[in-house]
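Undergrad: My file is start31.cif. It has mmCIF, C-alpha atoms:
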```
data_model
loop_
_atom_site.label_atom_id
_atom_site.label_comp_id
_atom_site.auth_asym_id
_atom_site.auth_seq_id
_atom_site.Cartn_x
_atom_site.Cartn_y
_atom_site.Cartn_z
CA MET N 1 -51.21 -2.01 28.58
CA THR N 2 -54.50 -0.82 27.07
CA ASP N 3 -57.00 -3.51 26.09
CA THR N 4 -58.05 -1.73 22.87
CA PRO N 5 -58.43 -4.40 20.14
CA THR N 6 -55.54 -3.85 17.74
CA THR N 7 -55.00 -5.05 14.17
CA LEU N 8 -51.53 -4.94 12.62
CA VAL N 9 -51.62 -4.90 8.81
CA THR N 10 -48.35 -6.26 7.43
CA ALA N 11 -47.19 -7.56 4.05
CA THR N 12 -45.00 -10.21 2.46
CA GLY N 13 -43.17 -7.50 0.48
CA GLU N 14 -43.04 -3.83 -0.38
CA GLY N 15 -45.66 -2.34 -2.67
CA ALA N 16 -48.30 -4.97 -1.83
CA GLY N 17 -50.97 -2.35 -1.08
CA LYS N 18 -50.66 -2.47 2.70
CA THR N 19 -51.32 1.25 3.27
CA ALA N 20 -54.50 1.41 1.21
CA ILE N 21 -55.82 -1.73 2.91
CA ALA N 22 -54.88 -0.60 6.45
CA VAL N 23 -56.50 2.84 6.08
CA ALA N 24 -59.53 1.45 4.22
CA LEU N 25 -60.08 -1.15 6.98
CA ALA N 26 -59.90 1.58 9.61
CA ARG N 27 -62.46 3.59 7.65
CA LEU N 28 -64.77 0.58 7.31
CA ALA N 29 -64.51 0.08 11.09
CA ALA N 30 -65.31 3.77 11.59
CA ASP N 31 -68.32 3.36 9.27
CA ARG N 32 -69.52 0.68 11.69
CA ASP N 33 -69.64 3.34 14.45
CA ARG N 34 -66.33 2.53 16.06
CA SER N 35 -63.84 5.22 16.99
CA VAL N 36 -60.54 4.23 15.41
CA GLY N 37 -56.91 5.19 15.75
CA TYR N 38 -53.95 4.61 13.41
CA MET N 39 -50.23 4.18 13.93
CA LYS N 40 -47.27 3.31 11.74
CA PRO N 41 -44.48 2.62 14.27
CA LYS N 42 -41.72 2.57 11.63
CA GLY N 43 -41.85 5.33 9.00
CA THR N 44 -40.43 3.79 5.83
CA ARG N 45 -41.76 5.87 2.92
CA LEU N 46 -39.33 8.76 3.26
CA GLN N 47 -38.26 11.42 0.83
CA SER N 48 -34.74 11.89 2.18
CA ASN N 49 -31.95 9.71 3.58
CA VAL N 50 -31.86 11.42 6.95
CA GLY N 51 -35.61 11.13 7.39
CA LYS N 52 -36.29 14.85 7.70
CA THR N 53 -39.36 14.56 5.54
CA LEU N 54 -42.07 12.39 7.00
CA ASP N 55 -43.72 9.27 5.69
CA GLN N 56 -46.84 10.12 3.67
CA ASP N 57 -48.90 7.22 5.00
CA PRO N 58 -49.76 8.63 8.46
CA MET N 59 -50.64 11.97 6.82
CA LEU N 60 -53.12 10.16 4.57
CA ALA N 61 -54.59 8.23 7.51
CA ARG N 62 -54.96 11.45 9.51
CA GLU N 63 -56.78 13.12 6.63
CA VAL N 64 -59.08 10.19 5.73
CA LEU N 65 -59.92 9.18 9.31
CA GLY N 66 -60.21 12.74 10.65
CA LEU N 67 -57.59 12.18 13.37
CA ASP N 68 -55.93 14.94 15.38
CA SER N 69 -52.98 12.83 16.55
CA GLU N 70 -49.51 14.32 16.20
CA MET N 71 -47.18 12.93 13.54
CA HIS N 72 -44.50 12.01 16.09
CA GLN N 73 -47.09 9.87 17.90
CA MET N 74 -48.34 8.14 14.76
CA GLU N 75 -44.80 7.50 13.52
CA PRO N 76 -42.41 7.31 16.49
CA VAL N 77 -39.47 5.75 14.61
CA VAL N 78 -38.23 7.24 11.32
CA TYR N 79 -36.70 4.19 9.67
CA SER N 80 -34.36 6.04 7.29
CA PRO N 81 -31.09 4.75 5.80
CA THR N 82 -29.25 7.01 8.26
CA PHE N 83 -31.18 5.48 11.17
CA VAL N 84 -30.32 1.94 10.00
CA GLU N 85 -26.62 2.82 9.65
CA GLY N 86 -26.68 4.19 13.20
CA ALA N 87 -28.45 1.09 14.48
CA ILE N 88 -25.83 -1.31 13.12
CA ARG N 89 -23.10 0.88 14.66
CA GLY N 90 -24.83 0.61 18.01
CA THR N 91 -26.09 4.19 18.38
CA GLU N 92 -29.76 3.16 18.70
CA ASP N 93 -31.10 1.51 21.86
CA ALA N 94 -33.62 -1.17 20.85
CA ASP N 95 -35.29 -1.24 24.29
CA ALA N 96 -35.71 2.53 24.32
CA LEU N 97 -37.28 2.42 20.83
CA SER N 98 -39.72 -0.29 21.94
CA ASP N 99 -40.63 1.79 25.00
CA ARG N 100 -41.22 4.85 22.81
CA ILE N 101 -43.53 2.92 20.47
CA ARG N 102 -45.46 1.42 23.38
CA GLU N 103 -45.90 4.83 25.09
CA GLU N 104 -47.14 6.55 21.93
CA TYR N 105 -49.44 3.62 21.19
CA GLU N 106 -50.94 3.78 24.71
CA GLU N 107 -51.73 7.45 24.24
CA LEU N 108 -53.25 6.94 20.77
CA ALA N 109 -55.31 3.93 21.87
CA ALA N 110 -56.54 5.37 25.18
CA ASP N 111 -59.96 6.58 23.98
CA ARG N 112 -60.40 4.40 20.88
CA ASP N 113 -62.60 1.37 20.25
CA ARG N 114 -60.13 -0.03 17.76
CA MET N 115 -56.51 0.55 16.72
CA PHE N 116 -55.02 -0.11 13.28
CA VAL N 117 -51.25 -0.40 13.09
CA GLU N 118 -49.44 -0.45 9.76
CA GLY N 119 -46.25 -2.42 9.35
CA GLY N 120 -43.17 -1.03 7.62
CA GLY N 121 -41.99 -2.17 4.19
CA SER N 122 -42.26 -5.96 4.52
CA TRP N 123 -42.86 -7.90 7.75
CA THR N 124 -39.10 -8.40 8.22
CA THR N 125 -38.28 -4.66 8.16
CA GLY N 126 -36.87 -3.47 11.49
CA GLY N 127 -34.80 -6.49 12.42
CA VAL N 128 -31.68 -4.42 13.15
CA VAL N 129 -33.43 -2.94 16.22
CA ASP N 130 -35.57 -6.00 17.09
CA LEU N 131 -38.65 -4.31 15.67
CA THR N 132 -39.85 -6.55 12.85
CA ASP N 133 -43.62 -6.64 12.53
CA VAL N 134 -43.52 -9.90 14.52
CA ASP N 135 -41.89 -7.95 17.37
CA VAL N 136 -44.34 -5.05 17.03
CA ALA N 137 -47.35 -7.42 17.09
CA GLU N 138 -45.99 -8.92 20.33
CA LEU N 139 -45.24 -5.49 21.80
CA LEU N 140 -48.74 -4.14 21.12
CA ASP N 141 -50.62 -7.44 21.61
CA ALA N 142 -52.02 -7.17 18.07
CA ARG N 143 -53.76 -9.66 15.82
CA VAL N 144 -52.18 -9.68 12.37
CA VAL N 145 -53.60 -9.38 8.86
CA LEU N 146 -51.05 -10.34 6.19
CA VAL N 147 -51.33 -8.69 2.75
CA ALA N 148 -49.78 -10.78 -0.02
CA GLU N 149 -49.57 -10.64 -3.80
CA TYR N 150 -50.18 -13.76 -5.87
CA GLY N 151 -48.88 -14.36 -9.38
CA SER N 152 -48.03 -18.06 -9.15
CA PRO N 153 -47.96 -20.87 -6.53
CA ASN N 154 -44.33 -19.90 -5.76
CA ASP N 155 -45.67 -16.84 -3.92
CA LEU N 156 -47.15 -19.12 -1.25
CA ASP N 157 -43.63 -19.70 0.10
CA ASP N 158 -43.60 -16.11 1.37
CA VAL N 159 -47.05 -16.51 2.95
CA LEU N 160 -46.01 -19.71 4.75
CA ALA N 161 -42.80 -18.11 6.06
CA ALA N 162 -44.73 -15.13 7.44
CA ALA N 163 -47.46 -17.36 8.91
CA ASP N 164 -44.82 -19.43 10.67
CA ALA N 165 -43.18 -16.30 12.10
CA PHE N 166 -46.43 -14.74 13.39
CA GLY N 167 -47.84 -18.00 14.71
CA ASP N 168 -51.12 -17.69 16.63
CA ARG N 169 -51.19 -13.92 16.16
CA LEU N 170 -51.95 -14.30 12.45
CA ALA N 171 -55.69 -13.75 11.96
CA GLY N 172 -55.47 -14.39 8.23
CA VAL N 173 -54.37 -13.35 4.77
CA VAL N 174 -55.73 -10.90 2.20
CA PHE N 175 -54.42 -11.37 -1.34
CA ASN N 176 -54.14 -8.16 -3.34
CA LYS N 177 -53.47 -7.22 -6.98
CA VAL N 178 -54.40 -10.70 -8.24
CA SER N 179 -54.43 -10.74 -12.06
CA ASP N 180 -57.24 -12.39 -14.04
CA ASP N 181 -54.74 -15.07 -15.12
CA ALA N 182 -53.85 -15.97 -11.52
CA PHE N 183 -57.33 -15.85 -9.97
CA ASP N 184 -58.33 -19.41 -10.94
CA SER N 185 -55.08 -20.91 -9.66
CA LEU N 186 -55.42 -19.05 -6.36
CA GLY N 187 -59.07 -19.98 -5.86
CA GLN N 188 -58.83 -23.62 -6.92
CA ASP N 189 -55.44 -24.52 -5.46
CA GLY N 190 -53.75 -21.74 -3.47
CA ILE N 191 -56.47 -20.90 -0.95
CA PRO N 192 -57.47 -24.53 -0.24
CA PHE N 193 -53.78 -25.36 0.26
CA LEU N 194 -53.32 -22.55 2.81
CA GLU N 195 -56.52 -23.49 4.61
CA SER N 196 -55.29 -27.10 4.79
CA ARG N 197 -52.31 -25.66 6.68
CA GLY N 198 -54.62 -23.87 9.12
CA ILE N 199 -54.19 -20.42 7.54
CA THR N 200 -57.38 -18.35 7.12
CA VAL N 201 -57.78 -16.45 3.84
CA PHE N 202 -60.18 -13.51 4.14
CA GLY N 203 -60.39 -12.94 0.39
CA ALA N 204 -58.60 -11.92 -2.80
CA ILE N 205 -58.72 -8.47 -4.39
CA PRO N 206 -58.34 -8.31 -8.18
CA HIS N 207 -55.64 -6.31 -9.87
CA GLU N 208 -57.02 -2.80 -10.25
CA LYS N 209 -55.30 -0.60 -12.77
CA GLU N 210 -56.22 2.62 -10.95
CA LEU N 211 -54.51 1.43 -7.77
CA ALA N 212 -51.55 -0.40 -9.31
CA GLY N 213 -49.94 2.26 -11.44
CA VAL N 214 -49.55 6.00 -11.75
CA THR N 215 -50.97 8.20 -14.46
CA VAL N 216 -48.59 9.71 -16.99
CA GLY N 217 -49.41 13.12 -15.48
CA GLU N 218 -48.48 11.94 -11.96
CA LEU N 219 -45.27 10.41 -13.31
CA ALA N 220 -44.36 13.67 -15.04
CA ASP N 221 -44.97 15.64 -11.82
CA GLU N 222 -42.93 13.25 -9.69
CA LEU N 223 -40.03 13.19 -12.15
CA GLY N 224 -40.14 16.96 -12.66
CA ALA N 225 -40.38 16.24 -16.38
CA GLU N 226 -41.22 18.66 -19.18
CA LEU N 227 -44.16 17.58 -21.36
CA LEU N 228 -43.25 17.98 -25.03
CA THR N 229 -46.65 17.05 -26.50
CA ASP N 230 -50.28 18.01 -25.90
CA ALA N 231 -51.43 14.38 -25.63
CA PRO N 232 -53.70 13.42 -22.70
CA THR N 233 -51.80 12.36 -19.56
CA ASP N 234 -54.47 10.23 -17.85
CA GLY N 235 -53.15 6.91 -19.22
CA PHE N 236 -51.68 4.47 -16.67
CA VAL N 237 -48.08 3.32 -16.31
CA GLU N 238 -47.39 0.12 -14.39
CA ARG N 239 -43.90 -0.74 -15.61
CA PHE N 240 -40.82 0.64 -17.34
CA LEU N 241 -38.89 -0.57 -20.34
CA VAL N 242 -35.41 0.67 -21.15
CA GLY N 243 -34.77 1.41 -24.82
CA ALA N 244 -31.11 0.57 -25.24
CA MET N 245 -31.20 -1.73 -28.27
CA GLY N 246 -31.56 -1.22 -32.03
CA GLY N 247 -34.85 -0.16 -33.60
CA ASP N 248 -36.03 -3.56 -34.96
CA GLU N 249 -35.19 -5.42 -31.77
CA ALA N 250 -36.77 -2.61 -29.72
CA LEU N 251 -40.05 -2.89 -31.64
CA ARG N 252 -40.31 -6.64 -30.91
CA TYR N 253 -39.54 -5.96 -27.24
CA PHE N 254 -42.03 -3.11 -26.91
CA ARG N 255 -44.85 -5.00 -28.63
CA ARG N 256 -44.97 -7.44 -25.71
CA ALA N 257 -45.50 -4.59 -23.24
CA ARG N 258 -48.65 -3.38 -21.55
CA ASP N 259 -49.15 -0.03 -19.77
CA ALA N 260 -45.44 0.72 -20.07
CA ALA N 261 -43.31 3.84 -20.20
CA VAL N 262 -40.21 3.59 -22.36
CA ILE N 263 -37.14 5.35 -20.97
CA THR N 264 -34.46 6.11 -23.52
CA GLY N 265 -31.94 8.75 -24.51
CA GLY N 266 -33.38 11.85 -26.16
CA ASP N 267 -31.05 11.26 -29.10
CA ARG N 268 -32.30 7.70 -29.88
CA ALA N 269 -34.80 8.42 -32.69
CA ASP N 270 -34.91 4.74 -33.78
CA VAL N 271 -35.96 3.55 -30.32
CA GLN N 272 -38.41 6.43 -29.89
CA THR N 273 -40.10 5.58 -33.20
CA ALA N 274 -40.33 1.88 -32.29
CA ALA N 275 -41.90 2.75 -28.92
CA LEU N 276 -44.51 4.96 -30.55
CA ASP N 277 -45.46 2.07 -32.88
CA ALA N 278 -46.21 -0.29 -29.94
CA SER N 279 -49.79 -0.20 -28.64
CA GLY N 280 -48.83 -1.12 -25.07
CA VAL N 281 -46.49 1.85 -24.62
CA ALA N 282 -48.26 4.66 -22.74
CA CYS N 283 -45.56 7.32 -22.99
CA LEU N 284 -41.92 8.09 -23.73
CA VAL N 285 -39.49 9.40 -21.10
CA LEU N 286 -36.45 10.95 -22.79
CA THR N 287 -33.30 11.45 -20.76
CA GLY N 288 -30.16 13.54 -21.02
CA GLY N 289 -31.90 16.84 -21.76
CA HIS N 290 -31.99 16.17 -25.55
CA ARG N 291 -35.06 17.25 -27.53
CA PRO N 292 -36.33 14.68 -30.03
CA SER N 293 -36.66 15.46 -33.74
CA GLY N 294 -39.72 17.15 -35.16
CA ALA N 295 -40.57 13.88 -36.94
CA VAL N 296 -40.70 11.98 -33.63
CA LEU N 297 -42.81 14.68 -31.97
CA GLY N 298 -45.15 14.66 -34.98
CA LYS N 299 -45.49 10.88 -34.77
CA ALA N 300 -46.19 11.13 -31.01
CA ALA N 301 -48.88 13.74 -31.64
CA ASP N 302 -50.51 11.51 -34.27
CA ALA N 303 -50.41 8.53 -31.88
CA GLY N 304 -51.77 10.63 -28.98
CA LYS N 305 -48.83 9.60 -26.79
CA PRO N 306 -47.18 11.95 -24.30
CA VAL N 307 -43.44 12.57 -24.52
CA LEU N 308 -41.70 13.54 -21.27
CA ALA N 309 -38.20 15.01 -21.10
CA VAL N 310 -35.91 14.93 -18.06
CA ASN N 311 -32.43 16.37 -17.64
CA THR N 312 -31.07 13.41 -15.69
CA ASP N 313 -29.21 10.43 -17.17
CA THR N 314 -31.06 7.21 -18.00
CA VAL N 315 -29.94 5.25 -14.90
CA THR N 316 -31.10 8.01 -12.53
CA ALA N 317 -34.40 8.36 -14.38
CA ILE N 318 -35.01 4.59 -14.13
CA ASP N 319 -34.29 4.54 -10.38
CA ARG N 320 -36.64 7.44 -9.71
CA ALA N 321 -39.38 6.17 -12.02
CA GLU N 322 -39.31 2.67 -10.51
CA GLY N 323 -39.61 4.14 -7.03
CA ILE N 324 -42.67 6.14 -8.10
CA VAL N 325 -44.44 3.16 -9.66
CA ARG N 326 -43.43 0.72 -6.91
CA SER N 327 -45.14 2.85 -4.28
CA GLY N 328 -48.31 2.80 -6.38
CA ARG N 329 -50.41 5.69 -7.54
CA THR N 330 -50.08 8.89 -5.57
CA ARG N 331 -51.87 8.08 -2.35
CA ASP N 332 -55.00 10.09 -1.71
CA ALA N 333 -58.52 9.77 -0.33
CA ARG N 334 -59.80 8.37 -3.67
CA THR N 335 -57.39 5.45 -3.35
CA VAL N 336 -58.80 4.61 0.07
CA ASP N 337 -62.41 4.97 -1.16
CA ARG N 338 -61.75 2.55 -3.99
CA MET N 339 -59.94 0.08 -1.74
CA ALA N 340 -62.84 0.17 0.76
CA GLU N 341 -65.21 -0.73 -2.11
CA LEU N 342 -62.91 -3.58 -3.20
CA LEU N 343 -62.64 -4.92 0.35
CA ASP N 344 -66.42 -4.86 0.73
CA ALA N 345 -66.84 -6.70 -2.57
CA HIS N 346 -64.09 -9.33 -2.34
CA VAL N 347 -63.11 -9.80 1.31
CA ASP N 348 -64.98 -11.03 4.40
CA VAL N 349 -64.68 -7.68 6.18
CA ASP N 350 -66.86 -8.70 9.15
CA ALA N 351 -64.58 -11.67 9.89
CA LEU N 352 -61.53 -9.51 9.37
CA LEU N 353 -62.78 -6.83 11.77
#
```
Can you present the structure in this file as structure tokens?
TA:
Amino acid sequence: MTDTPTTLVTATGEGAGKTAIAVALARLAADRDRSVGYMKPKGTRLQSNVGKTLDQDPMLAREVLGLDSEMHQMEPVVYSPTFVEGAIRGTEDADALSDRIREEYEELAADRDRMFVEGGGSWTTGGVVDLTDVDVAELLDARVVLVAEYGSPNDLDDVLAAADAFGDRLAGVVFNKVSDDAFDSLGQDGIPFLESRGITVFGAIPHEKELAGVTVGELADELGAELLTDAPTDGFVERFLVGAMGGDEALRYFRRARDAAVITGGDRADVQTAALDASGVACLVLTGGHRPSGAVLGKAADAGKPVLAVNTDTVTAIDRAEGIVRSGRTRDARTVDRMAELLDAHVDVDALL
């Protein structure tokens, strides 16, 4: 086994910002004159059930870090729904998969000062083939950095469970996407509590709108939606509201929203009007292939709010839209640049590296 120092970046749950942090850490190590390698043993961000299309995360790492590694090396196991079904039927050999990951890792790490390995989904992903991130850390002799979100003290349960599972391999925790409301609680109570349990906290990164959501334009592209207005599409969407109630009730519901897209039928003029009256609604997504009335489009133009139309039904549109937002803004080099800045500002990077 190579003795290249290896850091596994894992997370308490999906969408915690693990990819941006893993690639940004590798870049910060490279900035400190170390040659770095990257691997994501289990490809989980797939565009098809059979895993024919590859996870975007290794592609981003290859671009940002200037690596010439092959995709099959960086992502030896395509953890698709089809793969998981096969695994529970006994068609996948867990030992052979572990051997494949170790062999590809050895080749990637051979001439590197430092390896960064990204976990898949959450730290428990991969259990059906004995390849949770706990297993991978053991397999590759990696120290572990756990990425966690924090909204309330309840979230510490997940951190404690992961810390218990990783044991001495856990180097520490990085909190990400911490809202202004939660920062005081985390700093005054949460971090001291974890440290009293022997868990190192490297730092806490504030919620950053640019990294948390997608722009209306990106959402439209991903949904394959038609834009029905000329309004600017650079506003951010972080959540979805479904407009299925009456107009008055909808208005009260929408007024509590922030950075939201409202998904509703193209024939629901009352809900569309209510959404356009709410300041926290960034755009409308109209389903079913119906065009809204001229009055609604006029109101949208006056409000400067984009209206998107999709041909799918509301349930399908919600599923697709939630998947887009859950995986964060479209991953690109700018995301990594911004995350590197945030890590430098809010996290003890020297201790972490």
Undergrad: What residues come out when you apply the PyMOL selection byres ((chain N and resi 123) around 7) to this file, written as a ChimeraX atom specification?
TA: /N:10-12,119-122,124-125,132-133
Undergrad: As number ranges by chain, please: the residues near region 274-280 of chain N (cut-off 10 Å, all atoms listed in the file, same-chain neighbours under 6 positions excluded).
TA: N: 237, 241, 243, 246-264, 296-297, 299-307
Undergrad: Which polymer residues have any atom within 10 Å of an atom of Glu226 (chain N), counting all atoms listed in the file, with same-chain residues fewer than 3 positions away left out, as a list of chain:residue names?
TA: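 Selected residues are N:Ala220, N:Asp221, N:Leu223, N:Thr229, N:Val285, N:Leu286, N:Gly289, N:Val307, N:Leu308, N:Ala309, N:Val310, N:Asn311.
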Undergrad: Which protein, DNA or RNA residues are at most 10 Å from (-37.2, 8.7, -13.5) in the file's coordinates when you count only C-alpha atoms, listed as a PyMOL selection string?
TA: chain N and resi 219-220+222-225+240+263+285-287+309-325
Undergrad: At what distance in Å, to one decimal, does CA of Ala142 (chain N) lie from CA of Asp130 (chain N)?
TA: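 Atom-to-atom, CA of Asp130 (chain N) and CA of Ala142 (chain N) are spaced 16.5 Å apart.
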Undergrad: Report as a PDB file with C-alpha atoms, in the frame of the given file the full result of the PyMOL selection byres ((chain N and resi 35-39) around 7) when it is applied to this structure.
TA:
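Contents of the output file expr.pdb:
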```
ATOM      1  CA  ALA N  26     -59.900   1.580   9.610  1.00  0.00           C
ATOM      2  CA  ALA N  30     -65.310   3.770  11.590  1.00  0.00           C
ATOM      3  CA  ASP N  33     -69.640   3.340  14.450  1.00  0.00           C
ATOM      4  CA  ARG N  34     -66.330   2.530  16.060  1.00  0.00           C
ATOM      5  CA  LYS N  40     -47.270   3.310  11.740  1.00  0.00           C
ATOM      6  CA  PRO N  41     -44.480   2.620  14.270  1.00  0.00           C
ATOM      7  CA  ALA N  61     -54.590   8.230   7.510  1.00  0.00           C
ATOM      8  CA  MET N  74     -48.340   8.140  14.760  1.00  0.00           C
ATOM      9  CA  GLU N  75     -44.800   7.500  13.520  1.00  0.00           C
ATOM     10  CA  LEU N 108     -53.250   6.940  20.770  1.00  0.00           C
ATOM     11  CA  ALA N 109     -55.310   3.930  21.870  1.00  0.00           C
ATOM     12  CA  ARG N 112     -60.400   4.400  20.880  1.00  0.00           C
ATOM     13  CA  ASP N 113     -62.600   1.370  20.250  1.00  0.00           C
ATOM     14  CA  ARG N 114     -60.130  -0.030  17.760  1.00  0.00           C
ATOM     15  CA  MET N 115     -56.510   0.550  16.720  1.00  0.00           C
ATOM     16  CA  PHE N 116     -55.020  -0.110  13.280  1.00  0.00           C
ATOM     17  CA  VAL N 117     -51.250  -0.400  13.090  1.00  0.00           C
ATOM     18  CA  GLU N 118     -49.440  -0.450   9.760  1.00  0.00           C
TER      19      GLU N 118
END
```
Undergrad: Quote the spacing between CA of Lys177 (chain N) and CA of Ala29 (chain N) in Å to one decimal place.
TA: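 Calculated distance between CA of Lys177 (chain N) and CA of Ala29 (chain N) is 22.4 Å.
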Undergrad: When you count all atoms listed in the file, which of these residues is closest to Gly127 (chain N): N:Val84, N:Leu160, N:Glu107, N:Gln73?
TA: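 Looking only at the distances to Gly127 (chain N), the closest residue turns out to be N:Val84.
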Undergrad: Can you translate the PyMOL selection byres ((chain N and resi 144) around 9) into the concrete residues it hits in this file, as an MDAnalysis selection string?
TA: chainID N and resid 6:10 134 137 142:143 145:146 166 169:173
Undergrad: Between region 148-213 of chain N and region 334-350 of chain N, at 7 Å or less, what are the per-residue closest atom pairs and their distances in Å? Count only C-alpha atoms, order by chain and rising residue number, and return it as JSON lines.
TA:
```
{"residue": "N:Phe202", "atom": "CA", "partner": "N:Asp348", "partner_atom": "CA", "distance": 5.4}
{"residue": "N:Gly203", "atom": "CA", "partner": "N:Val347", "partner_atom": "CA", "distance": 4.3}
{"residue": "N:Ala204", "atom": "CA", "partner": "N:His346", "partner_atom": "CA", "distance": 6.1}
{"residue": "N:Ile205", "atom": "CA", "partner": "N:His346", "partner_atom": "CA", "distance": 5.8}
{"residue": "N:Leu211", "atom": "CA", "partner": "N:Thr335", "partner_atom": "CA", "distance": 6.6}
```
Undergrad: Can you work out which one of N:Thr273, N:Ser152, N:Thr4, N:Thr215 has the shortest atom-to-atom distance to Gly235 (chain N), counting only C-alpha atoms?
TA: N:Thr215
Undergrad: Excluding Leu139 (chain N) and any residue of its chain fewer than 3 positions from it, enumerate the residues within 10 Å of it, using all atoms listed in the file, and give them as a ChimeraX atom specification.
TA: /N:1,98-99,101-102,131,133-136,142
Undergrad: Pick out the residues sitting within 12 Å of Val128 (chain N), and hand them over as a PDB file with C-alpha atoms, keeping the file's coordinate frame; count all atoms listed in the file, and ignore anything fewer than 3 positions along from it in its own chain.
TA:
```
ATOM      1  CA  TYR N  79     -36.700   4.190   9.670  1.00  0.00           C
ATOM      2  CA  PRO N  81     -31.090   4.750   5.800  1.00  0.00           C
ATOM      3  CA  PHE N  83     -31.180   5.480  11.170  1.00  0.00           C
ATOM      4  CA  VAL N  84     -30.320   1.940  10.000  1.00  0.00           C
ATOM      5  CA  GLU N  85     -26.620   2.820   9.650  1.00  0.00           C
ATOM      6  CA  GLY N  86     -26.680   4.190  13.200  1.00  0.00           C
ATOM      7  CA  ALA N  87     -28.450   1.090  14.480  1.00  0.00           C
ATOM      8  CA  ILE N  88     -25.830  -1.310  13.120  1.00  0.00           C
ATOM      9  CA  ARG N  89     -23.100   0.880  14.660  1.00  0.00           C
ATOM     10  CA  GLY N  90     -24.830   0.610  18.010  1.00  0.00           C
ATOM     11  CA  THR N  91     -26.090   4.190  18.380  1.00  0.00           C
ATOM     12  CA  GLU N  92     -29.760   3.160  18.700  1.00  0.00           C
ATOM     13  CA  ASP N  93     -31.100   1.510  21.860  1.00  0.00           C
ATOM     14  CA  ALA N  94     -33.620  -1.170  20.850  1.00  0.00           C
ATOM     15  CA  LEU N  97     -37.280   2.420  20.830  1.00  0.00           C
ATOM     16  CA  THR N 124     -39.100  -8.400   8.220  1.00  0.00           C
ATOM     17  CA  THR N 125     -38.280  -4.660   8.160  1.00  0.00           C
ATOM     18  CA  LEU N 131     -38.650  -4.310  15.670  1.00  0.00           C
ATOM     19  CA  THR N 132     -39.850  -6.550  12.850  1.00  0.00           C
ATOM     20  CA  ASP N 135     -41.890  -7.950  17.370  1.00  0.00           C
TER      21      ASP N 135
END
```
Undergrad: Work out how far CA of Thr44 (chain N) is from CA of Gly126 (chain N), in Å to one decimal.
TA: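 Atom-to-atom, CA of Gly126 (chain N) and CA of Thr44 (chain N) are spaced 9.9 Å apart.
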Undergrad: List the neighbours of Leu186 (chain N) out to 9 Å using all atoms listed in the file; skip same-chain residues closer than 2 positions along the sequence, and give me the result as a PyMOL selection string.
TA: chain N and resi 150-153+178+182-184+188-192+204
